[in-house]
$ cat input.cif   # mmCIF, C-alpha atoms
data_target
#
loop_
_atom_site.group_PDB
_atom_site.id
_atom_site.type_symbol
_atom_site.label_atom_id
_atom_site.label_comp_id
_atom_site.auth_asym_id
_atom_site.auth_seq_id
_atom_site.Cartn_x
_atom_site.Cartn_y
_atom_site.Cartn_z
ATOM 1 C CA MET A 295 140.713 200.102 190.373
ATOM 2 C CA LYS A 296 143.629 202.519 190.199
ATOM 3 C CA VAL A 297 145.155 204.572 192.980
ATOM 4 C CA THR A 298 148.133 206.910 192.951
ATOM 5 C CA VAL A 299 150.692 206.221 195.661
ATOM 6 C CA LYS A 300 153.084 208.979 196.710
ATOM 7 C CA TYR A 301 156.276 208.323 198.624
ATOM 8 C CA PHE A 302 158.079 210.864 200.782
ATOM 9 C CA GLY A 303 161.322 211.270 202.705
ATOM 10 C CA LEU A 304 162.945 208.054 203.859
ATOM 11 C CA VAL A 305 160.128 205.998 202.300
ATOM 12 C CA ALA A 306 160.823 207.516 198.870
ATOM 13 C CA GLU A 307 164.509 206.870 199.408
ATOM 14 C CA ALA A 308 163.956 203.208 200.375
ATOM 15 C CA ALA A 309 161.498 202.634 197.508
ATOM 16 C CA ASP A 310 163.659 204.619 195.071
ATOM 17 C CA LYS A 311 160.589 206.343 193.661
ATOM 18 C CA SER A 312 158.321 209.207 194.551
ATOM 19 C CA GLU A 313 155.093 208.175 192.882
ATOM 20 C CA GLU A 314 153.410 205.266 191.117
ATOM 21 C CA VAL A 315 149.968 204.258 189.937
ATOM 22 C CA MET A 316 148.831 200.915 191.335
ATOM 23 C CA GLU A 317 146.071 198.828 189.887
ATOM 24 C CA PHE A 318 144.237 196.104 191.774
ATOM 25 C CA ASN A 319 140.961 194.220 191.934
ATOM 26 C CA GLY A 320 138.677 193.874 194.935
ATOM 27 C CA GLU A 321 138.667 195.746 198.199
ATOM 28 C CA LEU A 322 141.765 197.049 199.880
ATOM 29 C CA THR A 323 142.155 199.270 202.933
ATOM 30 C CA ALA A 324 144.744 202.004 203.122
ATOM 31 C CA SER A 325 146.778 200.064 205.677
ATOM 32 C CA GLU A 326 146.737 196.933 203.496
ATOM 33 C CA LEU A 327 148.064 199.003 200.614
ATOM 34 C CA LYS A 328 150.774 200.425 202.878
ATOM 35 C CA GLU A 329 151.821 196.910 203.830
ATOM 36 C CA GLN A 330 152.090 195.963 200.140
ATOM 37 C CA CYS A 331 154.030 199.085 199.200
ATOM 38 C CA LEU A 332 156.494 198.773 202.094
ATOM 39 C CA TYR A 333 157.002 195.024 201.690
ATOM 40 C CA GLY A 334 160.673 194.245 201.248
ATOM 41 C CA LEU A 335 161.808 197.833 201.774
ATOM 42 C CA SER A 336 164.596 198.560 204.198
ATOM 43 C CA ILE A 337 162.735 200.740 206.708
ATOM 44 C CA ALA A 338 163.567 200.244 210.396
ATOM 45 C CA ASP A 339 160.229 201.329 211.850
ATOM 46 C CA LYS A 340 157.365 200.718 209.427
ATOM 47 C CA ASP A 341 154.811 201.493 212.173
ATOM 48 C CA SER A 342 156.043 205.089 212.168
ATOM 49 C CA VAL A 343 154.944 205.513 208.543
ATOM 50 C CA GLN A 344 151.551 207.225 208.440
ATOM 51 C CA ILE A 345 149.056 207.044 205.593
ATOM 52 C CA ALA A 346 147.127 209.924 204.094
ATOM 53 C CA VAL A 347 144.225 209.255 201.752
ATOM 54 C CA ASN A 348 143.367 212.279 199.632
ATOM 55 C CA GLN A 349 145.465 214.404 201.991
ATOM 56 C CA ASN A 350 143.811 213.256 205.217
ATOM 57 C CA LEU A 351 145.546 210.953 207.687
ATOM 58 C CA ASP A 352 143.582 207.736 207.542
ATOM 59 C CA ASP A 353 144.548 204.068 207.562
ATOM 60 C CA LYS A 354 141.121 202.494 208.059
ATOM 61 C CA THR A 355 139.385 203.591 204.909
ATOM 62 C CA THR A 356 138.662 201.249 202.011
ATOM 63 C CA LEU A 357 140.237 202.691 198.902
ATOM 64 C CA LYS A 358 138.219 203.939 195.951
ATOM 65 C CA ASP A 359 139.189 204.335 192.319
ATOM 66 C CA GLY A 360 141.205 207.499 191.812
ATOM 67 C CA ASP A 361 142.310 207.921 195.434
ATOM 68 C CA GLU A 362 145.652 209.504 196.197
ATOM 69 C CA VAL A 363 147.489 207.632 198.930
ATOM 70 C CA ALA A 364 150.611 209.072 200.536
ATOM 71 C CA LEU A 365 153.093 207.197 202.693
ATOM 72 C CA LEU A 366 154.473 209.657 205.213
ATOM 73 C CA PRO A 367 157.507 209.022 207.416
ATOM 74 C CA PRO A 368 157.820 210.908 210.731
ATOM 75 C CA PHE A 369 157.374 214.660 210.374
ATOM 76 C CA ALA A 370 160.390 216.911 210.812
ATOM 77 C CA GLY A 371 159.141 220.425 210.159
ATOM 78 C CA GLY A 372 160.410 223.464 211.972
ATOM 79 C CA MET B 153 147.884 239.276 206.089
ATOM 80 C CA ASP B 154 144.155 239.144 206.492
ATOM 81 C CA LYS B 155 143.041 235.972 208.219
ATOM 82 C CA LYS B 156 140.590 235.216 205.403
ATOM 83 C CA LYS B 157 143.332 235.143 202.768
ATOM 84 C CA PRO B 158 145.893 232.462 203.535
ATOM 85 C CA LYS B 159 149.200 232.990 201.796
ATOM 86 C CA LYS B 160 151.590 230.294 200.695
ATOM 87 C CA VAL B 161 153.713 229.173 203.633
ATOM 88 C CA PHE B 162 156.583 227.462 201.857
ATOM 89 C CA VAL B 163 159.561 229.407 200.595
ATOM 90 C CA GLN B 164 162.484 227.970 198.651
ATOM 91 C CA GLY B 165 165.717 228.283 200.583
ATOM 92 C CA ALA B 166 166.508 229.906 203.914
ATOM 93 C CA ILE B 167 164.405 232.715 205.353
ATOM 94 C CA PRO B 168 166.481 235.908 205.171
ATOM 95 C CA PRO B 169 166.764 237.801 208.506
ATOM 96 C CA GLU B 170 165.639 240.947 206.653
ATOM 97 C CA LYS B 171 162.226 239.322 206.213
ATOM 98 C CA ILE B 172 161.692 239.481 209.979
ATOM 99 C CA ALA B 173 162.549 243.179 210.127
ATOM 100 C CA ASN B 174 160.315 243.885 207.120
ATOM 101 C CA SER B 175 157.418 241.977 208.685
ATOM 102 C CA VAL B 176 157.708 244.038 211.864
ATOM 103 C CA ALA B 177 157.895 247.257 209.827
ATOM 104 C CA ASN B 178 154.767 246.250 207.888
ATOM 105 C CA HIS B 179 152.760 246.100 211.126
ATOM 106 C CA GLN B 180 153.639 249.510 212.508
ATOM 107 C CA SER B 181 150.580 251.054 210.871
ATOM 108 C CA LYS B 182 148.288 248.591 212.697
ATOM 109 C CA THR B 183 147.951 250.509 215.932
ATOM 110 C CA ASN B 184 145.512 248.130 217.616
ATOM 111 C CA ILE B 185 148.483 245.774 218.028
ATOM 112 C CA GLY B 186 150.283 245.947 221.362
ATOM 113 C CA ALA B 187 152.468 242.846 221.127
ATOM 114 C CA HIS B 188 154.219 240.763 218.519
ATOM 115 C CA SER B 189 155.530 237.297 219.216
ATOM 116 C CA ILE B 190 158.120 235.753 216.932
ATOM 117 C CA PHE B 191 159.536 232.252 216.733
ATOM 118 C CA LEU B 192 162.530 231.545 214.517
ATOM 119 C CA GLY B 193 163.729 228.029 213.819
ATOM 120 C CA GLN B 194 167.435 227.826 212.994
ATOM 121 C CA ILE B 195 169.366 224.852 211.631
ATOM 122 C CA ARG B 196 171.525 223.382 214.369
ATOM 123 C CA ALA B 197 174.910 221.695 213.789
ATOM 124 C CA ASP B 198 174.017 218.513 215.669
ATOM 125 C CA GLU B 199 176.727 215.964 216.237
ATOM 126 C CA VAL B 200 175.849 212.315 215.628
ATOM 127 C CA ASP B 201 178.472 209.584 216.079
ATOM 128 C CA GLY B 202 181.293 212.052 215.569
ATOM 129 C CA LYS B 203 179.794 213.576 212.420
ATOM 130 C CA THR B 204 178.411 217.096 212.265
ATOM 131 C CA VAL B 205 175.229 218.176 210.493
ATOM 132 C CA THR B 206 175.995 220.832 207.865
ATOM 133 C CA ALA B 207 172.514 221.333 206.410
ATOM 134 C CA ILE B 208 168.959 220.008 206.358
ATOM 135 C CA ASP B 209 167.271 219.300 203.053
ATOM 136 C CA TYR B 210 163.529 219.872 203.541
ATOM 137 C CA THR B 211 160.864 218.292 201.378
ATOM 138 C CA ALA B 212 157.111 218.166 201.917
ATOM 139 C CA TYR B 213 153.847 216.721 200.747
ATOM 140 C CA GLU B 214 153.095 220.249 199.691
ATOM 141 C CA GLU B 215 149.384 220.034 198.845
ATOM 142 C CA MET B 216 148.575 218.372 202.171
ATOM 143 C CA ALA B 217 150.972 220.613 204.087
ATOM 144 C CA GLU B 218 149.382 223.822 202.792
ATOM 145 C CA LYS B 219 145.976 222.405 203.760
ATOM 146 C CA VAL B 220 147.201 221.546 207.280
ATOM 147 C CA PHE B 221 148.834 224.983 207.652
ATOM 148 C CA HIS B 222 145.459 226.476 206.795
ATOM 149 C CA GLU B 223 143.674 224.281 209.378
ATOM 150 C CA ILE B 224 146.204 225.228 212.073
ATOM 151 C CA ARG B 225 145.668 228.864 211.196
ATOM 152 C CA GLU B 226 141.887 228.550 211.435
ATOM 153 C CA ALA B 227 142.243 226.788 214.803
ATOM 154 C CA ALA B 228 144.604 229.493 216.075
ATOM 155 C CA PHE B 229 142.226 232.312 215.117
ATOM 156 C CA ALA B 230 139.353 230.444 216.802
ATOM 157 C CA LYS B 231 141.381 229.862 219.968
ATOM 158 C CA PHE B 232 143.291 233.145 220.388
ATOM 159 C CA ASP B 233 142.322 236.779 220.023
ATOM 160 C CA ILE B 234 145.121 237.572 217.579
ATOM 161 C CA THR B 235 145.152 240.381 215.041
ATOM 162 C CA CYS B 236 147.208 238.535 212.455
ATOM 163 C CA ALA B 237 149.519 235.609 211.968
ATOM 164 C CA HIS B 238 152.208 234.807 209.419
ATOM 165 C CA ILE B 239 154.041 231.540 208.902
ATOM 166 C CA TYR B 240 156.949 230.789 206.570
ATOM 167 C CA HIS B 241 158.708 227.437 206.271
ATOM 168 C CA SER B 242 161.707 226.668 204.111
ATOM 169 C CA LEU B 243 162.027 223.938 201.519
ATOM 170 C CA GLY B 244 165.280 222.767 199.965
ATOM 171 C CA LYS B 245 168.750 222.592 201.427
ATOM 172 C CA ILE B 246 169.213 224.957 204.371
ATOM 173 C CA LYS B 247 172.683 225.333 205.871
ATOM 174 C CA VAL B 248 173.374 225.369 209.618
ATOM 175 C CA GLY B 249 172.860 228.768 211.189
ATOM 176 C CA LYS B 250 170.189 229.713 208.648
ATOM 177 C CA LEU B 251 166.505 230.172 209.417
ATOM 178 C CA CYS B 252 163.958 227.566 208.328
ATOM 179 C CA LEU B 253 160.779 228.558 210.222
ATOM 180 C CA PHE B 254 159.331 231.982 210.946
ATOM 181 C CA VAL B 255 156.125 232.298 212.970
ATOM 182 C CA PHE B 256 154.872 235.807 213.664
ATOM 183 C CA THR B 257 151.688 236.557 215.596
ATOM 184 C CA SER B 258 150.311 239.876 216.789
ATOM 185 C CA SER B 259 147.723 240.771 219.384
ATOM 186 C CA ALA B 260 146.628 243.600 221.625
ATOM 187 C CA HIS B 261 148.429 241.938 224.546
ATOM 188 C CA ARG B 262 151.591 239.870 225.015
ATOM 189 C CA LYS B 263 150.201 236.740 226.671
ATOM 190 C CA ILE B 264 147.872 236.005 223.782
ATOM 191 C CA ALA B 265 150.548 236.562 221.141
ATOM 192 C CA ILE B 266 153.066 234.380 222.989
ATOM 193 C CA ALA B 267 150.529 231.568 223.504
ATOM 194 C CA ALA B 268 149.440 231.734 219.865
ATOM 195 C CA THR B 269 153.006 231.519 218.564
ATOM 196 C CA ASN B 270 153.664 228.534 220.802
ATOM 197 C CA PHE B 271 150.491 226.882 219.519
ATOM 198 C CA PHE B 272 151.546 227.406 215.895
ATOM 199 C CA VAL B 273 155.029 225.987 216.436
ATOM 200 C CA GLU B 274 153.839 222.884 218.299
ATOM 201 C CA GLU B 275 151.061 222.203 215.793
ATOM 202 C CA ILE B 276 153.393 222.672 212.814
ATOM 203 C CA LYS B 277 155.957 220.272 214.258
ATOM 204 C CA ALA B 278 153.310 217.643 215.051
ATOM 205 C CA LYS B 279 150.946 217.831 212.093
ATOM 206 C CA VAL B 280 152.547 219.176 208.933
ATOM 207 C CA PRO B 281 154.022 216.594 206.516
ATOM 208 C CA VAL B 282 157.493 218.068 206.173
ATOM 209 C CA PHE B 283 160.539 215.811 205.993
ATOM 210 C CA GLY B 284 164.131 216.696 206.797
ATOM 211 C CA LYS B 285 167.279 215.029 205.580
ATOM 212 C CA GLU B 286 170.184 215.950 207.866
ATOM 213 C CA ILE B 287 173.318 216.117 205.745
ATOM 214 C CA PHE B 288 176.729 215.566 207.328
ATOM 215 C CA GLU B 289 180.049 217.038 206.185
ATOM 216 C CA ASP B 290 180.973 213.765 204.428
ATOM 217 C CA GLU B 291 177.716 213.924 202.373
ATOM 218 C CA THR B 292 176.149 210.997 204.266
ATOM 219 C CA HIS B 293 172.773 211.701 205.818
ATOM 220 C CA GLN B 294 170.117 210.673 208.311
ATOM 221 C CA TRP B 295 166.418 211.501 208.475
ATOM 222 C CA LYS B 296 165.329 213.971 211.125
ATOM 223 C CA VAL B 297 162.440 213.135 213.451
ATOM 224 C CA ASN B 298 160.686 215.771 215.553
ATOM 225 C CA LYS B 299 160.769 215.123 219.284
#
$ encode --input "input.cif" --output "structure tokens"
Amino acid sequence: MKVTVKYFGLVAEAADKSEEVMEFNGELTASELKEQCLYGLSIADKDSVQIAVNQNLDDKTTLKDGDEVALLPPFAGG
Amino acid sequence: MDKKKPKKVFVQGAIPPEKIANSVANHQSKTNIGAHSIFLGQIRADEVDGKTVTAIDYTAYEEMAEKVFHEIREAAFAKFDITCAHIYHSLGKIKVGKLCLFVFTSSAHRKIAIAATNFFVEEIKAKVPVFGKEIFEDETHQWKVNK
């Protein structure tokens, strides 16, 4: 199964990338994927990073092939 | 702007003050309007540990952000009796003193327009995936978080 992971703001900076395709076998929830992607990164408050799956905030869902997962640091619009 | 036809919210660079005047001028033919309410977000020269912010570099998860802007808009039209609503948000590096958010609502009466503008601003700050890198004069930076 392949999913596209997008990184934004301070997460993209810490990961030094903005996007990658990840391939894995078996079931994985969005929050498990987040944990994997953020592992080892220098981010002070990982709990503040929200997950969007196919552009909807959601950390409970089990990922499907082709999903787009985004790791979103705290919002700062306006 | 007709409420059925959402326009792109993001603009590259600062919002020119002339855009506000032009928007007001464009509504003078709509004579059912009795009140406009405008919110303008301006980049503030915050001081952090002796360093001063000189600009904010805005980025966004644009596809999701445009979708959320649309949802906020739909919610606003359902909640408030407004005639029209326009939102513009900057992307890219915006210097202090420049405008980065322009919310413009119109209604027959002031209280509705003011409440609707407030709703838009609070919803945008809470729900839209926009990220801001505050750049100091020595080119170091920190990431902005909405309070």
$ interface_residues --input "input.cif" --of "chain A" --to "chain B" --cutoff "10 Å" --atoms "only C-alpha atoms" --output "PyMOL selection string"
chain A and resi 300-304+344+346+348-351+364-372
$ residues_around --input "input.cif" --residues "segment 170-183 of chain B" --least-positions-apart "3" --cutoff "9 Å" --atoms "only C-alpha atoms" --output "MDAnalysis selection string"
chainID B and resid 167 186 188 190 238 254 256 258
$ atom_distance --input "input.cif" --atom1 "atom CA of Asp359 of chain A" --atom2 "atom CA of Val297 of chain A"
6.0 Å
$ resolve_selection --input "input.cif" --expression "the PyMOL selection byres ((chain B and resi 225) around 12)" --output "ChimeraX atom specification"
/B:153-159,161,218-224,226-232,234,236-239,255-257,268-269,271-273,275-276
$ closest_residue --input "input.cif" --among "A:Gln330, A:Glu321, A:Met316, A:Lys311" --to "Val299 of chain A" --atoms "only C-alpha atoms"
A:Met316
$ resolve_selection --input "input.cif" --expression "the PyMOL selection byres ((chain A and resi 295) around 12)" --output "VMD selection string"
chain A and resid 296 to 298 315 to 322 356 to 361
$ closest_residue --input "input.cif" --among "A:Ser336, A:Glu362, A:Thr323, A:Glu329" --to "Ala309 of chain A" --atoms "all atoms listed in the file"
A:Ser336
$ resolve_selection --input "input.cif" --expression "the PyMOL selection byres ((chain B and resi 262) around 8)" --output "list in words"
Gly186, Ala187, His188, Ser189, Ser259, Ala260, His261, Lys263, Ile264, Ala265 and Ile266 of chain B
$ atom_distance --input "input.cif" --atom1 "atom CA of Ala166 of chain B" --atom2 "atom CA of Ala267 of chain B"
25.3 Å
$ axis_aligned_box --input "input.cif" --around "segment 340-353 of chain A" --padding-each-side "6 Å" --output "AutoDock Vina command-line options"
--center_x 150.4 --center_y 207.6 --center_z 205.9 --size_x 26.0 --size_y 25.7 --size_z 24.5
$ atom_distance --input "input.cif" --atom1 "atom CA of Ala306 of chain A" --atom2 "atom CA of Asp353 of chain A"
18.8 Å
$ closest_residue --input "input.cif" --among "A:Val363, A:Lys354, A:Glu314, A:Val305" --to "Ile337 of chain A" --atoms "all atoms listed in the file"
A:Val305
$ residues_near_point --input "input.cif" --point "(181.6, 216.5, 211.3)" --cutoff "6 Å" --atoms "all atoms listed in the file" --output "short mmCIF file (atom, residue, chain, number, x, y, z; two decimals) with C-alpha atoms, in the frame of the given file"
data_model
loop_
_atom_site.label_atom_id
_atom_site.label_comp_id
_atom_site.auth_asym_id
_atom_site.auth_seq_id
_atom_site.Cartn_x
_atom_site.Cartn_y
_atom_site.Cartn_z
CA LYS B 203 179.79 213.58 212.42
CA THR B 204 178.41 217.10 212.26
CA GLU B 289 180.05 217.04 206.18
#
$ residues_around --input "input.cif" --residues "Asp198 of chain B" --least-positions-apart "6" --cutoff "10 Å" --atoms "only C-alpha atoms" --output "PyMOL selection string"
chain B and resi 204-207+248+286+288
$ decode --input "input.cif" --residues "chain A" --atoms "C-alpha atoms" --output "PDB file, in the first residue's frame"
ATOM      1  CA  MET A 295       0.000   0.000   0.000  1.00  0.00           C
ATOM      2  CA  LYS A 296       1.247   3.467  -0.893  1.00  0.00           C
ATOM      3  CA  VAL A 297       0.309   6.780   0.662  1.00  0.00           C
ATOM      4  CA  THR A 298       1.578  10.274  -0.059  1.00  0.00           C
ATOM      5  CA  VAL A 299       2.725  12.186   3.007  1.00  0.00           C
ATOM      6  CA  LYS A 300       2.884  15.980   2.885  1.00  0.00           C
ATOM      7  CA  TYR A 301       4.851  18.043   5.366  1.00  0.00           C
ATOM      8  CA  PHE A 302       4.173  21.679   6.193  1.00  0.00           C
ATOM      9  CA  GLY A 303       5.692  24.550   8.148  1.00  0.00           C
ATOM     10  CA  LEU A 304       7.929  23.554  11.032  1.00  0.00           C
ATOM     11  CA  VAL A 305       7.338  19.852  10.295  1.00  0.00           C
ATOM     12  CA  ALA A 306       8.659  20.276   6.741  1.00  0.00           C
ATOM     13  CA  GLU A 307      11.598  22.202   8.139  1.00  0.00           C
ATOM     14  CA  ALA A 308      12.420  19.507  10.729  1.00  0.00           C
ATOM     15  CA  ALA A 309      11.995  16.684   8.192  1.00  0.00           C
ATOM     16  CA  ASP A 310      13.822  18.652   5.482  1.00  0.00           C
ATOM     17  CA  LYS A 311      11.246  17.605   2.903  1.00  0.00           C
ATOM     18  CA  SER A 312       7.791  18.612   1.817  1.00  0.00           C
ATOM     19  CA  GLU A 313       6.458  15.375   0.397  1.00  0.00           C
ATOM     20  CA  GLU A 314       7.229  11.669   0.109  1.00  0.00           C
ATOM     21  CA  VAL A 315       5.510   8.477  -0.946  1.00  0.00           C
ATOM     22  CA  MET A 316       5.548   5.801   1.749  1.00  0.00           C
ATOM     23  CA  GLU A 317       4.968   2.147   1.130  1.00  0.00           C
ATOM     24  CA  PHE A 318       3.970  -0.341   3.806  1.00  0.00           C
ATOM     25  CA  ASN A 319       2.205  -3.641   4.355  1.00  0.00           C
ATOM     26  CA  GLY A 320      -0.706  -4.307   6.685  1.00  0.00           C
ATOM     27  CA  GLU A 321      -2.967  -1.897   8.485  1.00  0.00           C
ATOM     28  CA  LEU A 322      -1.866   1.464   9.756  1.00  0.00           C
ATOM     29  CA  THR A 323      -3.884   4.302  11.266  1.00  0.00           C
ATOM     30  CA  ALA A 324      -3.192   7.920  10.464  1.00  0.00           C
ATOM     31  CA  SER A 325      -1.817   8.553  13.948  1.00  0.00           C
ATOM     32  CA  GLU A 326       0.514   5.542  13.695  1.00  0.00           C
ATOM     33  CA  LEU A 327       1.840   6.927  10.428  1.00  0.00           C
ATOM     34  CA  LYS A 328       2.335  10.327  12.066  1.00  0.00           C
ATOM     35  CA  GLU A 329       4.345   8.700  14.835  1.00  0.00           C
ATOM     36  CA  GLN A 330       6.570   6.985  12.247  1.00  0.00           C
ATOM     37  CA  CYS A 331       7.063  10.132  10.186  1.00  0.00           C
ATOM     38  CA  LEU A 332       7.886  12.321  13.198  1.00  0.00           C
ATOM     39  CA  TYR A 333      10.164   9.762  14.852  1.00  0.00           C
ATOM     40  CA  GLY A 334      13.571  11.266  15.487  1.00  0.00           C
ATOM     41  CA  LEU A 335      12.595  14.738  14.291  1.00  0.00           C
ATOM     42  CA  SER A 336      13.398  17.731  16.431  1.00  0.00           C
ATOM     43  CA  ILE A 337       9.877  19.006  17.129  1.00  0.00           C
ATOM     44  CA  ALA A 338       9.170  20.332  20.634  1.00  0.00           C
ATOM     45  CA  ASP A 339       5.449  19.577  20.753  1.00  0.00           C
ATOM     46  CA  LYS A 340       4.533  16.624  18.541  1.00  0.00           C
ATOM     47  CA  ASP A 341       1.009  16.531  20.040  1.00  0.00           C
ATOM     48  CA  SER A 342       0.334  19.898  18.408  1.00  0.00           C
ATOM     49  CA  VAL A 343       0.838  18.378  14.949  1.00  0.00           C
ATOM     50  CA  GLN A 344      -2.544  17.547  13.425  1.00  0.00           C
ATOM     51  CA  ILE A 345      -3.187  14.994  10.699  1.00  0.00           C
ATOM     52  CA  ALA A 346      -5.360  15.450   7.644  1.00  0.00           C
ATOM     53  CA  VAL A 347      -6.314  12.458   5.525  1.00  0.00           C
ATOM     54  CA  ASN A 348      -7.452  13.465   2.051  1.00  0.00           C
ATOM     55  CA  GLN A 349      -7.796  17.039   3.309  1.00  0.00           C
ATOM     56  CA  ASN A 350      -9.947  16.242   6.343  1.00  0.00           C
ATOM     57  CA  LEU A 351      -8.604  16.402   9.890  1.00  0.00           C
ATOM     58  CA  ASP A 352      -8.607  12.823  11.081  1.00  0.00           C
ATOM     59  CA  ASP A 353      -6.190  10.735  13.127  1.00  0.00           C
ATOM     60  CA  LYS A 354      -8.359   7.679  13.778  1.00  0.00           C
ATOM     61  CA  THR A 355      -8.861   6.420  10.271  1.00  0.00           C
ATOM     62  CA  THR A 356      -7.115   3.342   8.898  1.00  0.00           C
ATOM     63  CA  LEU A 357      -5.210   4.345   5.800  1.00  0.00           C
ATOM     64  CA  LYS A 358      -6.087   3.089   2.338  1.00  0.00           C
ATOM     65  CA  ASP A 359      -3.953   2.795  -0.769  1.00  0.00           C
ATOM     66  CA  GLY A 360      -3.606   6.158  -2.473  1.00  0.00           C
ATOM     67  CA  ASP A 361      -4.490   8.297   0.553  1.00  0.00           C
ATOM     68  CA  GLU A 362      -2.931  11.714   0.947  1.00  0.00           C
ATOM     69  CA  VAL A 363      -1.818  12.334   4.513  1.00  0.00           C
ATOM     70  CA  ALA A 364      -0.729  15.787   5.655  1.00  0.00           C
ATOM     71  CA  LEU A 365       1.136  16.609   8.844  1.00  0.00           C
ATOM     72  CA  LEU A 366       0.010  20.047   9.948  1.00  0.00           C
ATOM     73  CA  PRO A 367       1.721  22.123  12.636  1.00  0.00           C
ATOM     74  CA  PRO A 368      -0.317  24.754  14.525  1.00  0.00           C
ATOM     75  CA  PHE A 369      -2.222  27.108  12.238  1.00  0.00           C
ATOM     76  CA  ALA A 370      -1.083  30.712  11.962  1.00  0.00           C
ATOM     77  CA  GLY A 371      -3.379  32.312   9.413  1.00  0.00           C
ATOM     78  CA  GLY A 372      -4.553  35.878   9.605  1.00  0.00           C
TER      79      GLY A 372
END
